[in-house]
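Student: As input, take target-v5.txt (compact mmCIF, N, CA and C atoms):
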# COMPACT_ATOMS: atom_id res chain seq x y z
N MET M 19 0.86 -1.17 0.00
CA MET M 19 0.00 0.00 0.00
C MET M 19 0.90 1.23 0.00
N SER M 20 0.85 2.01 -1.05
CA SER M 20 1.66 3.21 -1.10
C SER M 20 0.86 4.35 -1.67
N GLY M 21 1.45 5.52 -1.61
CA GLY M 21 0.81 6.69 -2.18
C GLY M 21 -0.03 7.44 -1.17
N THR M 22 -0.60 8.54 -1.63
CA THR M 22 -1.31 9.43 -0.72
C THR M 22 -2.73 8.99 -0.43
N THR M 23 -3.19 7.87 -0.99
CA THR M 23 -4.55 7.43 -0.73
C THR M 23 -4.64 6.53 0.51
N ALA M 24 -3.53 6.20 1.12
CA ALA M 24 -3.55 5.34 2.30
C ALA M 24 -4.29 6.02 3.44
N LYS M 25 -5.01 5.26 4.18
CA LYS M 25 -5.68 5.74 5.38
C LYS M 25 -4.81 5.27 6.55
N TYR M 26 -3.98 6.16 7.04
CA TYR M 26 -2.95 5.77 8.00
C TYR M 26 -3.50 5.38 9.36
N ARG M 27 -4.58 5.97 9.79
CA ARG M 27 -5.18 5.52 11.06
C ARG M 27 -5.63 4.06 10.93
N GLU M 28 -6.32 3.76 9.82
CA GLU M 28 -6.78 2.39 9.59
C GLU M 28 -5.61 1.44 9.39
N LEU M 29 -4.61 1.88 8.65
CA LEU M 29 -3.44 1.04 8.39
C LEU M 29 -2.72 0.69 9.68
N THR M 30 -2.45 1.69 10.52
CA THR M 30 -1.71 1.40 11.75
C THR M 30 -2.54 0.55 12.71
N GLN M 31 -3.85 0.74 12.71
CA GLN M 31 -4.71 -0.10 13.56
C GLN M 31 -4.69 -1.55 13.08
N ALA M 32 -4.78 -1.75 11.77
CA ALA M 32 -4.76 -3.11 11.23
C ALA M 32 -3.42 -3.79 11.51
N VAL M 33 -2.33 -3.07 11.34
CA VAL M 33 -1.02 -3.66 11.62
C VAL M 33 -0.89 -3.96 13.12
N SER M 34 -1.38 -3.06 13.96
CA SER M 34 -1.32 -3.30 15.40
C SER M 34 -2.07 -4.57 15.77
N THR M 35 -3.22 -4.80 15.13
CA THR M 35 -3.98 -6.03 15.39
C THR M 35 -3.17 -7.25 15.00
N ARG M 36 -2.54 -7.19 13.83
CA ARG M 36 -1.72 -8.33 13.39
C ARG M 36 -0.51 -8.53 14.29
N LEU M 37 0.06 -7.43 14.76
CA LEU M 37 1.19 -7.56 15.67
C LEU M 37 0.75 -8.19 16.99
N GLY M 38 -0.49 -7.93 17.38
CA GLY M 38 -1.03 -8.57 18.57
C GLY M 38 -1.04 -10.08 18.43
N GLU M 39 -1.34 -10.54 17.23
CA GLU M 39 -1.32 -11.98 16.98
C GLU M 39 0.11 -12.52 17.12
N LEU M 40 1.08 -11.76 16.64
CA LEU M 40 2.48 -12.19 16.79
C LEU M 40 2.92 -12.15 18.26
N ARG M 41 2.38 -11.19 19.03
CA ARG M 41 2.70 -11.14 20.46
C ARG M 41 2.23 -12.42 21.15
N SER M 42 1.12 -12.96 20.68
CA SER M 42 0.62 -14.22 21.26
C SER M 42 1.46 -15.42 20.85
N SER M 43 1.87 -15.45 19.59
CA SER M 43 2.59 -16.63 19.10
C SER M 43 4.10 -16.57 19.32
N THR M 44 4.65 -15.36 19.42
CA THR M 44 6.11 -15.21 19.63
C THR M 44 6.36 -14.13 20.68
N PRO M 45 5.92 -14.37 21.91
CA PRO M 45 5.97 -13.31 22.92
C PRO M 45 7.39 -12.82 23.25
N GLU M 46 8.33 -13.71 23.29
CA GLU M 46 9.69 -13.29 23.64
C GLU M 46 10.30 -12.41 22.55
N VAL M 47 10.06 -12.75 21.30
CA VAL M 47 10.57 -11.95 20.18
C VAL M 47 9.94 -10.56 20.22
N MET M 48 8.63 -10.51 20.38
CA MET M 48 7.94 -9.23 20.38
C MET M 48 8.34 -8.38 21.59
N LYS M 49 8.53 -9.02 22.73
CA LYS M 49 8.98 -8.30 23.93
C LYS M 49 10.36 -7.70 23.69
N ALA M 50 11.24 -8.48 23.11
CA ALA M 50 12.60 -7.99 22.83
C ALA M 50 12.58 -6.84 21.82
N PHE M 51 11.74 -6.96 20.79
CA PHE M 51 11.65 -5.89 19.79
C PHE M 51 11.12 -4.61 20.43
N ASN M 52 10.10 -4.73 21.27
CA ASN M 52 9.54 -3.55 21.95
C ASN M 52 10.57 -2.91 22.87
N GLU M 53 11.34 -3.72 23.58
CA GLU M 53 12.39 -3.19 24.45
C GLU M 53 13.47 -2.49 23.63
N LEU M 54 13.82 -3.06 22.48
CA LEU M 54 14.79 -2.41 21.59
C LEU M 54 14.27 -1.05 21.15
N GLY M 55 13.01 -0.99 20.76
CA GLY M 55 12.41 0.27 20.35
C GLY M 55 12.42 1.31 21.46
N ARG M 56 12.07 0.91 22.66
CA ARG M 56 12.08 1.84 23.79
C ARG M 56 13.48 2.35 24.07
N ALA M 57 14.45 1.46 24.03
CA ALA M 57 15.84 1.86 24.30
C ALA M 57 16.37 2.78 23.20
N ALA M 58 16.06 2.46 21.96
CA ALA M 58 16.58 3.25 20.84
C ALA M 58 15.97 4.63 20.79
N THR M 59 14.73 4.79 21.22
CA THR M 59 14.05 6.08 21.10
C THR M 59 14.07 6.90 22.39
N ALA M 60 14.64 6.35 23.45
CA ALA M 60 14.72 7.09 24.71
C ALA M 60 15.60 8.33 24.52
N ALA M 61 15.22 9.40 25.20
CA ALA M 61 16.01 10.63 25.10
C ALA M 61 17.42 10.39 25.63
N GLY M 62 18.36 10.93 24.92
CA GLY M 62 19.78 10.87 25.28
C GLY M 62 20.43 12.11 24.71
N ALA M 63 21.51 11.95 23.97
CA ALA M 63 22.12 13.08 23.29
C ALA M 63 21.14 13.67 22.28
N LEU M 64 20.30 12.81 21.70
CA LEU M 64 19.22 13.25 20.81
C LEU M 64 17.91 13.09 21.56
N ASP M 65 17.02 14.05 21.41
CA ASP M 65 15.73 13.93 22.07
C ASP M 65 14.83 12.97 21.29
N ALA M 66 13.72 12.60 21.92
CA ALA M 66 12.81 11.61 21.32
C ALA M 66 12.26 12.08 19.98
N LYS M 67 11.96 13.37 19.85
CA LYS M 67 11.41 13.87 18.58
C LYS M 67 12.43 13.74 17.46
N THR M 68 13.68 14.08 17.74
CA THR M 68 14.73 13.96 16.72
C THR M 68 14.87 12.51 16.29
N LYS M 69 14.81 11.60 17.24
CA LYS M 69 14.93 10.18 16.91
C LYS M 69 13.74 9.72 16.06
N GLU M 70 12.56 10.22 16.34
CA GLU M 70 11.40 9.87 15.51
C GLU M 70 11.52 10.46 14.11
N LEU M 71 12.08 11.66 13.98
CA LEU M 71 12.31 12.23 12.65
C LEU M 71 13.28 11.36 11.86
N ILE M 72 14.31 10.86 12.52
CA ILE M 72 15.24 9.94 11.86
C ILE M 72 14.51 8.67 11.44
N ALA M 73 13.69 8.14 12.34
CA ALA M 73 12.94 6.92 12.03
C ALA M 73 12.01 7.15 10.84
N LEU M 74 11.40 8.32 10.77
CA LEU M 74 10.54 8.62 9.63
C LEU M 74 11.35 8.67 8.34
N ALA M 75 12.51 9.31 8.37
CA ALA M 75 13.35 9.38 7.17
C ALA M 75 13.72 7.97 6.69
N LEU M 76 14.05 7.11 7.63
CA LEU M 76 14.38 5.73 7.26
C LEU M 76 13.15 4.99 6.74
N SER M 77 11.99 5.27 7.31
CA SER M 77 10.75 4.65 6.83
C SER M 77 10.47 5.03 5.38
N VAL M 78 10.72 6.29 5.05
CA VAL M 78 10.56 6.76 3.67
C VAL M 78 11.58 6.06 2.78
N ALA M 79 12.82 5.99 3.24
CA ALA M 79 13.89 5.40 2.43
C ALA M 79 13.63 3.92 2.11
N VAL M 80 13.06 3.19 3.07
CA VAL M 80 12.82 1.76 2.83
C VAL M 80 11.40 1.50 2.31
N ARG M 81 10.63 2.59 2.13
CA ARG M 81 9.30 2.52 1.52
C ARG M 81 8.33 1.66 2.31
N CYS M 82 8.23 1.96 3.60
CA CYS M 82 7.38 1.18 4.50
C CYS M 82 6.20 2.04 4.96
N ASP M 83 5.04 1.86 4.33
CA ASP M 83 3.86 2.64 4.70
C ASP M 83 3.45 2.46 6.17
N PRO M 84 3.42 1.23 6.70
CA PRO M 84 3.07 1.12 8.13
C PRO M 84 4.06 1.87 9.02
N CYS M 85 5.35 1.81 8.69
CA CYS M 85 6.35 2.54 9.48
C CYS M 85 6.10 4.03 9.39
N ILE M 86 5.79 4.52 8.20
CA ILE M 86 5.47 5.94 8.02
C ILE M 86 4.30 6.31 8.92
N GLY M 87 3.27 5.47 8.95
CA GLY M 87 2.12 5.73 9.80
C GLY M 87 2.47 5.80 11.26
N PHE M 88 3.18 4.81 11.76
CA PHE M 88 3.51 4.77 13.19
C PHE M 88 4.42 5.94 13.58
N HIS M 89 5.39 6.28 12.75
CA HIS M 89 6.33 7.35 13.12
C HIS M 89 5.72 8.74 12.96
N THR M 90 4.85 8.93 11.98
CA THR M 90 4.18 10.24 11.91
C THR M 90 3.20 10.40 13.07
N LYS M 91 2.54 9.33 13.45
CA LYS M 91 1.65 9.39 14.62
C LYS M 91 2.44 9.80 15.86
N SER M 92 3.61 9.21 16.04
CA SER M 92 4.46 9.57 17.18
C SER M 92 4.94 11.01 17.08
N LEU M 93 5.27 11.45 15.87
CA LEU M 93 5.73 12.83 15.70
C LEU M 93 4.65 13.84 16.04
N VAL M 94 3.42 13.56 15.67
CA VAL M 94 2.31 14.44 16.04
C VAL M 94 2.20 14.49 17.56
N ARG M 95 2.26 13.32 18.20
CA ARG M 95 2.17 13.24 19.66
C ARG M 95 3.30 14.01 20.33
N LEU M 96 4.50 13.99 19.72
CA LEU M 96 5.66 14.67 20.29
C LEU M 96 5.72 16.16 19.94
N GLY M 97 4.73 16.65 19.19
CA GLY M 97 4.66 18.06 18.89
C GLY M 97 5.54 18.51 17.74
N ALA M 98 5.88 17.60 16.84
CA ALA M 98 6.68 18.00 15.67
C ALA M 98 5.89 18.98 14.82
N THR M 99 6.59 19.92 14.23
CA THR M 99 5.95 20.88 13.35
C THR M 99 5.97 20.38 11.92
N ARG M 100 5.13 20.96 11.11
CA ARG M 100 5.12 20.61 9.69
C ARG M 100 6.47 20.96 9.04
N GLN M 101 7.10 22.05 9.50
CA GLN M 101 8.41 22.43 8.95
C GLN M 101 9.47 21.39 9.30
N GLU M 102 9.46 20.86 10.52
CA GLU M 102 10.40 19.80 10.89
C GLU M 102 10.18 18.57 10.03
N LEU M 103 8.91 18.22 9.82
CA LEU M 103 8.57 17.09 8.97
C LEU M 103 9.09 17.32 7.55
N ASP M 104 8.78 18.50 7.00
CA ASP M 104 9.16 18.78 5.62
C ASP M 104 10.68 18.76 5.43
N GLU M 105 11.43 19.30 6.38
CA GLU M 105 12.89 19.29 6.26
C GLU M 105 13.45 17.88 6.37
N THR M 106 12.86 17.07 7.23
CA THR M 106 13.27 15.67 7.33
C THR M 106 13.02 14.95 6.01
N LEU M 107 11.86 15.20 5.43
CA LEU M 107 11.51 14.55 4.16
C LEU M 107 12.39 15.06 3.02
N ALA M 108 12.83 16.31 3.09
CA ALA M 108 13.75 16.84 2.08
C ALA M 108 15.08 16.09 2.11
N VAL M 109 15.58 15.82 3.31
CA VAL M 109 16.84 15.07 3.42
C VAL M 109 16.64 13.63 2.96
N ALA M 110 15.52 13.02 3.32
CA ALA M 110 15.23 11.66 2.87
C ALA M 110 15.16 11.60 1.35
N THR M 111 14.56 12.60 0.74
CA THR M 111 14.47 12.65 -0.72
C THR M 111 15.85 12.86 -1.34
N TYR M 112 16.63 13.74 -0.76
CA TYR M 112 18.00 13.97 -1.24
C TYR M 112 18.79 12.66 -1.26
N MET M 113 18.66 11.89 -0.21
CA MET M 113 19.41 10.65 -0.09
C MET M 113 18.81 9.50 -0.90
N GLY M 114 17.50 9.52 -1.12
CA GLY M 114 16.84 8.39 -1.75
C GLY M 114 16.28 8.63 -3.13
N GLY M 115 16.32 9.85 -3.62
CA GLY M 115 15.85 10.15 -4.96
C GLY M 115 14.34 10.06 -5.13
N GLY M 116 13.95 9.81 -6.37
CA GLY M 116 12.54 9.80 -6.74
C GLY M 116 11.66 8.88 -5.93
N PRO M 117 12.05 7.61 -5.71
CA PRO M 117 11.19 6.75 -4.90
C PRO M 117 10.96 7.30 -3.49
N SER M 118 12.00 7.89 -2.90
CA SER M 118 11.80 8.48 -1.57
C SER M 118 10.87 9.67 -1.64
N LEU M 119 10.92 10.43 -2.72
CA LEU M 119 10.02 11.56 -2.88
C LEU M 119 8.57 11.10 -2.89
N MET M 120 8.29 9.98 -3.56
CA MET M 120 6.92 9.47 -3.62
C MET M 120 6.45 9.07 -2.22
N TYR M 121 7.30 8.46 -1.43
CA TYR M 121 6.93 8.07 -0.07
C TYR M 121 6.94 9.26 0.87
N ALA M 122 7.71 10.30 0.55
CA ALA M 122 7.64 11.54 1.32
C ALA M 122 6.23 12.12 1.21
N ALA M 123 5.65 12.04 0.02
CA ALA M 123 4.26 12.50 -0.14
C ALA M 123 3.31 11.69 0.74
N SER M 124 3.57 10.40 0.87
CA SER M 124 2.76 9.57 1.76
C SER M 124 2.93 10.01 3.21
N ALA M 125 4.15 10.36 3.58
CA ALA M 125 4.41 10.81 4.95
C ALA M 125 3.68 12.11 5.25
N VAL M 126 3.60 13.01 4.28
CA VAL M 126 2.85 14.25 4.45
C VAL M 126 1.37 13.92 4.68
N ALA M 127 0.83 13.00 3.89
CA ALA M 127 -0.57 12.61 4.06
C ALA M 127 -0.81 12.01 5.44
N ALA M 128 0.10 11.15 5.88
CA ALA M 128 -0.05 10.53 7.20
C ALA M 128 0.02 11.57 8.31
N PHE M 129 0.98 12.49 8.22
CA PHE M 129 1.12 13.53 9.24
C PHE M 129 -0.14 14.37 9.30
N ASP M 130 -0.63 14.79 8.13
CA ASP M 130 -1.86 15.60 8.11
C ASP M 130 -3.04 14.84 8.69
N GLU M 131 -3.11 13.54 8.41
CA GLU M 131 -4.22 12.73 8.93
C GLU M 131 -4.15 12.64 10.45
N PHE M 132 -2.96 12.37 11.00
CA PHE M 132 -2.84 12.24 12.45
C PHE M 132 -2.92 13.59 13.16
N ALA M 133 -2.61 14.67 12.47
CA ALA M 133 -2.70 16.00 13.08
C ALA M 133 -4.14 16.47 13.23
N GLN M 134 -5.05 15.86 12.47
CA GLN M 134 -6.47 16.20 12.59
C GLN M 134 -7.08 15.46 13.77
N PRO M 135 -8.01 16.08 14.45
CA PRO M 135 -8.68 15.36 15.55
C PRO M 135 -9.35 14.10 15.02
N LYS M 136 -9.30 13.06 15.82
CA LYS M 136 -9.89 11.79 15.43
C LYS M 136 -11.40 11.93 15.33
N ALA M 137 -11.94 11.47 14.21
CA ALA M 137 -13.40 11.54 14.00
C ALA M 137 -14.11 10.56 14.91
N GLY M 138 -15.25 10.95 15.37
CA GLY M 138 -16.09 10.05 16.16
C GLY M 138 -15.76 10.13 17.55
Show me, as structure tokens, the structure contained in the file I just sent.
Tutor:
Amino acid sequence: MSGTTAKYRELTQAVSTRLGELRSSTPEVMKAFNELGRAATAAGALDAKTKELIALALSVAVRCDPCIGFHTKSLVRLGATRQELDETLAVATYMGGGPSLMYAASAVAAFDEFAQPKAG
């Protein structure tokens, strides 16, 4: 699923449900992965928002729509600005060329979707 037509709230919810199934069948692996994520994104020399911006750039580079969804959702929660997002996506595009530019557009759509109040 790529492009600006993705519904990132729905996508991240569906992936979270599937990950729940993996948590049941491979609990130790999922626990270790979650601990790795917490350790990698904990504030240190770089703050949590900067680390999420890096994660988003990598998500764009590897063309992972679910990753784009999860990291833009976190960036909205962490108070990232649209300018911070756009500059991160500019660097990702510089490093990844045209394919990264296409996924940068997806990241903009995801950010805008998560920045809007949840319907219902």
Student: With a distance cut-off of 8 Å and all atoms listed in the file, select the neighbouring residues of M:Ser118, excluding the residue or stretch itself and same-chain residues fewer than 4 positions from it, and output the selection as a ChimeraX atom specification.
Tutor: /M:77-81,107,110-114,122-124
Student: Considering all atoms listed in the file, return as a list in words whatever protein or nucleic-acid residues lie within 8 Å of M:Leu103, sequence-local ones (same chain, fewer than 5 positions apart) excluded.
Tutor: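 These residues fall inside the cut-off: Leu71, Ala98, Ala108, Val109, Ala125 and Val126 of chain M.
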Student: If I take atom N of M:Glu131 and atom C of M:Ala61, how far is one from the other in Å, to one decimal?
Tutor: 27.0 Å
Student: Provide the atom CA of M:Ala73 to atom N of M:Lys91 distance in Å, to one decimal place.
Tutor: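 Here the two named atoms are 10.8 Å from each other.
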Student: For atom N of M:Thr90 and atom N of M:Phe132, determine how far apart the two atoms are, in Å to one decimal place.
Tutor: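 Atom N of M:Thr90 sits 8.6 Å away from atom N of M:Phe132.
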